[in-house]
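Okay, so here's the structure we're looking at.
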Amino acid sequence: MSATARKQAPLPDDIRAMKGGTPIVSLTAYTTPMAEWMDAHCDFVLVGDSLGMVLHGLPSTLGVTMDMMIMHGKAVRRGLKSAMMVVDMPFGSYEESPEQAFRNAARLMAETEAGAVKLEGGVAMAETIRFLTSRGVPVMAHVGLTPQSINTLGGYKVQGRGAAGDALMADAKAVAEAGAFAVVLEKVPEKLANEVTAEVHIPTIGIGASAGCDGQILVVDDMLGLFTKFKAKFVKRYAELGHGAEEAIAEYAKDVRARAFPGPEHVFADQAPAKKS
């Protein structure tokens, strides 16, 4: 069923049931207006911790806090009717123990009304995923390039090439068996992404992976050209809104300095115009 035909947002089990069917559509969102624009077109919307970089100017996602995720989650929630909302668990909010993860996941879901949370990690996080899902917290997993682990991964490198493919496959299978309803595959070789998609019983959501995944996700600021500091190979720009915005701001500054704005149509008379009888 298309997003526009739905009367209510899908549940995690509905996303799980889309395995092998019509590709799942997803984007990130951080504000109410952006969520409203994508609501009719996406199956789920992710409030990603990427907001730290694209909105707050942080050098990575590591500085994102629970309070930041909750604030943006509440904003996105106000803009959604047809799409499910998933919220990222930020770095440091779940790695210590399953109990810590549950406390923070429960807070995220209660305060944002999210349909699910997303966390990074494979085999190492399987116990935590099992703990959460058995206690009513739906989990979307994330393997491959996990941005919260860039300091141990050595940067934003492709993951799973060569012999490392076995470990990535093991990660995907572990999170699926632990109860995740879907798994994001980030920056994974195409052939391996296809093999993982064929092997696991839950949907794979690709970002820098393969068109053969069960769905796709991109950071919305990347695909709209709003974030312009760099462009990843896997990003397709569907617009260049950042350049358009800069040009509009320059035109505004020019008009203000020339006293061309505000014009007569933008100011108010001493007396209100008489009402027509």
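Every chain in the structure tokens takes a letter, A first, then B, and so on in the order presented; its residues are numbered from 1, and the ligands are numbered from 1 following the presented order.
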
Using only C-alpha atoms, which protein or nucleic acid residues come within 10 Å of range 223-235 of chain A? Drop anything in the same chain fewer than 3 positions from it, and give the result as a ChimeraX atom specification. /A:27,53-55,156,186-187,206-210,217-220,238-245

Write out as a ChimeraX atom specification which residues come within 9 Å of range 115-124 of chain A when counting only C-alpha atoms, dropping same-chain ones fewer than 6 positions away. /A:10-12,46,48,84-91,94,105,108-109,137-144,146-149,167-168,170-175,183-184

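Distance-wise, CA of Gly20 in chain A and CA of Ser82 in chain A end up 21.4 Å apart.
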
Range 70-232 of chain A: residues DSSP assigns to strand (DSSP E), reported as a PyMOL selection string: chain A and resi 84-88+116-120+139-144+182-186+204-207+215-218

For C-alpha atoms, I'd like the residues from the last selection saved as a PDB file, in the first residue's frame.
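Written output follows (out.pdb):
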```
ATOM      1  CA  MET A  84       5.833   5.952  11.032  1.00  0.00           C
ATOM      2  CA  MET A  85       8.457   7.836  13.033  1.00  0.00           C
ATOM      3  CA  VAL A  86      11.706   6.191  14.151  1.00  0.00           C
ATOM      4  CA  VAL A  87      14.117   8.051  16.445  1.00  0.00           C
ATOM      5  CA  ASP A  88      17.863   7.450  16.685  1.00  0.00           C
ATOM      6  CA  ALA A 116      10.386   2.706  17.221  1.00  0.00           C
ATOM      7  CA  VAL A 117      13.994   3.516  18.050  1.00  0.00           C
ATOM      8  CA  LYS A 118      17.128   2.862  16.005  1.00  0.00           C
ATOM      9  CA  LEU A 119      20.504   1.876  17.391  1.00  0.00           C
ATOM     10  CA  GLU A 120      23.847   1.044  15.831  1.00  0.00           C
ATOM     11  CA  VAL A 139      14.073  -1.648  17.321  1.00  0.00           C
ATOM     12  CA  MET A 140      15.479  -0.825  13.897  1.00  0.00           C
ATOM     13  CA  ALA A 141      19.094  -1.962  13.726  1.00  0.00           C
ATOM     14  CA  HIS A 142      21.994  -0.343  11.844  1.00  0.00           C
ATOM     15  CA  VAL A 143      25.121  -2.190  10.640  1.00  0.00           C
ATOM     16  CA  GLY A 144      27.964  -1.569   8.225  1.00  0.00           C
ATOM     17  CA  ALA A 182      14.441  -3.913   9.983  1.00  0.00           C
ATOM     18  CA  VAL A 183      18.134  -3.200   9.539  1.00  0.00           C
ATOM     19  CA  VAL A 184      19.908  -0.269   7.901  1.00  0.00           C
ATOM     20  CA  LEU A 185      22.918  -1.243   5.755  1.00  0.00           C
ATOM     21  CA  GLU A 186      25.234   1.749   5.401  1.00  0.00           C
ATOM     22  CA  THR A 204      17.152  -4.163   4.691  1.00  0.00           C
ATOM     23  CA  ILE A 205      17.207  -0.379   4.301  1.00  0.00           C
ATOM     24  CA  GLY A 206      20.090   0.745   2.131  1.00  0.00           C
ATOM     25  CA  ILE A 207      22.144   3.925   2.327  1.00  0.00           C
ATOM     26  CA  GLY A 215      14.164  -0.033   1.015  1.00  0.00           C
ATOM     27  CA  GLN A 216      16.246   3.123   0.854  1.00  0.00           C
ATOM     28  CA  ILE A 217      16.994   6.069   3.122  1.00  0.00           C
ATOM     29  CA  LEU A 218      18.911   9.319   2.667  1.00  0.00           C
TER      30      LEU A 218
END
```

Considering only C-alpha atoms, can you say which of A:Thr28, A:Ser134, A:Thr65, A:Thr197 comes closest to Pro98 in chain A? A:Ser134

Do a neighbour search on Arg161 in chain A at 12 Å with only C-alpha atoms, toss out local chain neighbours closer than 2 positions, and write the hits as a list of chain:residue names. A:Gly144, A:Leu145, A:Lys157, A:Val158, A:Gln159, A:Ala163, A:Ala164, A:Gly165, A:Asp166, A:Ala167, A:Leu168, A:Met169, A:Lys187, A:Val188, A:Pro189, A:Glu190, A:Lys191, A:Leu192, A:Ala193

Take the residues just selected and output them with N, CA and C atoms as a PDB file, in the first residue's frame.
```
ATOM      1  N   GLY A 144      27.121  -2.092   9.292  1.00  0.00           N
ATOM      2  CA  GLY A 144      27.964  -1.569   8.225  1.00  0.00           C
ATOM      3  C   GLY A 144      28.719  -0.377   8.766  1.00  0.00           C
ATOM      4  N   LEU A 145      28.692   0.747   8.033  1.00  0.00           N
ATOM      5  CA  LEU A 145      29.253   1.974   8.574  1.00  0.00           C
ATOM      6  C   LEU A 145      28.321   2.490   9.660  1.00  0.00           C
ATOM      7  N   LYS A 157      34.544   4.887   6.173  1.00  0.00           N
ATOM      8  CA  LYS A 157      34.995   3.979   5.125  1.00  0.00           C
ATOM      9  C   LYS A 157      33.931   2.935   4.789  1.00  0.00           C
ATOM     10  N   VAL A 158      33.999   2.421   3.557  1.00  0.00           N
ATOM     11  CA  VAL A 158      33.144   1.298   3.164  1.00  0.00           C
ATOM     12  C   VAL A 158      33.432   0.125   4.095  1.00  0.00           C
ATOM     13  N   GLN A 159      32.381  -0.558   4.515  1.00  0.00           N
ATOM     14  CA  GLN A 159      32.504  -1.669   5.448  1.00  0.00           C
ATOM     15  C   GLN A 159      32.104  -2.987   4.778  1.00  0.00           C
ATOM     16  N   ALA A 163      37.264 -10.232   3.370  1.00  0.00           N
ATOM     17  CA  ALA A 163      36.996 -11.136   4.488  1.00  0.00           C
ATOM     18  C   ALA A 163      36.087 -10.503   5.530  1.00  0.00           C
ATOM     19  N   ALA A 164      36.035  -9.181   5.573  1.00  0.00           N
ATOM     20  CA  ALA A 164      35.177  -8.496   6.541  1.00  0.00           C
ATOM     21  C   ALA A 164      33.696  -8.706   6.242  1.00  0.00           C
ATOM     22  N   GLY A 165      33.388  -9.209   5.058  1.00  0.00           N
ATOM     23  CA  GLY A 165      31.992  -9.454   4.699  1.00  0.00           C
ATOM     24  C   GLY A 165      31.326 -10.484   5.591  1.00  0.00           C
ATOM     25  N   ASP A 166      32.079 -11.474   6.037  1.00  0.00           N
ATOM     26  CA  ASP A 166      31.508 -12.503   6.911  1.00  0.00           C
ATOM     27  C   ASP A 166      31.046 -11.898   8.233  1.00  0.00           C
ATOM     28  N   ALA A 167      31.856 -10.988   8.780  1.00  0.00           N
ATOM     29  CA  ALA A 167      31.501 -10.356  10.044  1.00  0.00           C
ATOM     30  C   ALA A 167      30.266  -9.475   9.879  1.00  0.00           C
ATOM     31  N   LEU A 168      30.166  -8.784   8.747  1.00  0.00           N
ATOM     32  CA  LEU A 168      28.998  -7.943   8.532  1.00  0.00           C
ATOM     33  C   LEU A 168      27.740  -8.786   8.362  1.00  0.00           C
ATOM     34  N   MET A 169      27.863  -9.900   7.656  1.00  0.00           N
ATOM     35  CA  MET A 169      26.727 -10.811   7.515  1.00  0.00           C
ATOM     36  C   MET A 169      26.296 -11.323   8.893  1.00  0.00           C
ATOM     37  N   LYS A 187      26.871   2.045   3.671  1.00  0.00           N
ATOM     38  CA  LYS A 187      28.173   2.020   2.998  1.00  0.00           C
ATOM     39  C   LYS A 187      28.730   0.602   2.943  1.00  0.00           C
ATOM     40  N   VAL A 188      27.935  -0.267   2.328  1.00  0.00           N
ATOM     41  CA  VAL A 188      28.261  -1.686   2.187  1.00  0.00           C
ATOM     42  C   VAL A 188      28.370  -2.006   0.692  1.00  0.00           C
ATOM     43  N   PRO A 189      29.336  -2.813   0.261  1.00  0.00           N
ATOM     44  CA  PRO A 189      29.434  -3.169  -1.155  1.00  0.00           C
ATOM     45  C   PRO A 189      28.126  -3.753  -1.691  1.00  0.00           C
ATOM     46  N   GLU A 190      27.819  -3.457  -2.929  1.00  0.00           N
ATOM     47  CA  GLU A 190      26.540  -3.844  -3.520  1.00  0.00           C
ATOM     48  C   GLU A 190      26.288  -5.350  -3.434  1.00  0.00           C
ATOM     49  N   LYS A 191      27.285  -6.140  -3.792  1.00  0.00           N
ATOM     50  CA  LYS A 191      27.107  -7.599  -3.794  1.00  0.00           C
ATOM     51  C   LYS A 191      26.793  -8.108  -2.388  1.00  0.00           C
ATOM     52  N   LEU A 192      27.510  -7.620  -1.405  1.00  0.00           N
ATOM     53  CA  LEU A 192      27.270  -8.045  -0.029  1.00  0.00           C
ATOM     54  C   LEU A 192      25.890  -7.598   0.443  1.00  0.00           C
ATOM     55  N   ALA A 193      25.484  -6.380   0.101  1.00  0.00           N
ATOM     56  CA  ALA A 193      24.157  -5.896   0.494  1.00  0.00           C
ATOM     57  C   ALA A 193      23.065  -6.796  -0.081  1.00  0.00           C
TER      58      ALA A 193
END
```

Expected answer as a PyMOL selection string: helix (DSSP H, G or I) residues in range 37-247 of chain A: chain A and resi 37-38+51-54+66-78+98-112+123-133+147-153+164-178+190-199+220-223+241-247

Shell around Ser97 in chain A at 10 Å using only C-alpha atoms, local window under 5 positions removed, as a PDB file with C-alpha atoms, in the first residue's frame:
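Result file is result_6.pdb:
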```pdb
ATOM      1  CA  PHE A 102      15.710   0.485  27.987  1.00  0.00           C
ATOM      2  CA  MET A 125      24.143  -5.132  20.378  1.00  0.00           C
ATOM      3  CA  GLU A 127      21.532  -8.826  23.610  1.00  0.00           C
ATOM      4  CA  THR A 128      20.368  -5.217  23.984  1.00  0.00           C
ATOM      5  CA  PHE A 131      16.127  -6.993  25.876  1.00  0.00           C
TER       6      PHE A 131
END
```

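With distances restricted to only C-alpha atoms, A:Phe181 is the closest residue to Pro203 in chain A from A:Asp221, A:Glu113, A:Phe181, A:Ala75.
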
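When only C-alpha atoms are used to compute distances to Ala180 in chain A, the closest of the residues A:Arg16, A:Ala35, A:Gly73, A:Arg259 turns out to be A:Arg16.
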
Between A:Lys276, A:Lys236, A:His201, A:Lys74, which has the minimum distance to Lys19 in chain A (counting only C-alpha atoms)? A:His201

To one decimal in Å, tell me the separation between CA of Gly79 in chain A and CA of Arg237 in chain A.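 Between these atoms lies a distance of 23.4 Å.
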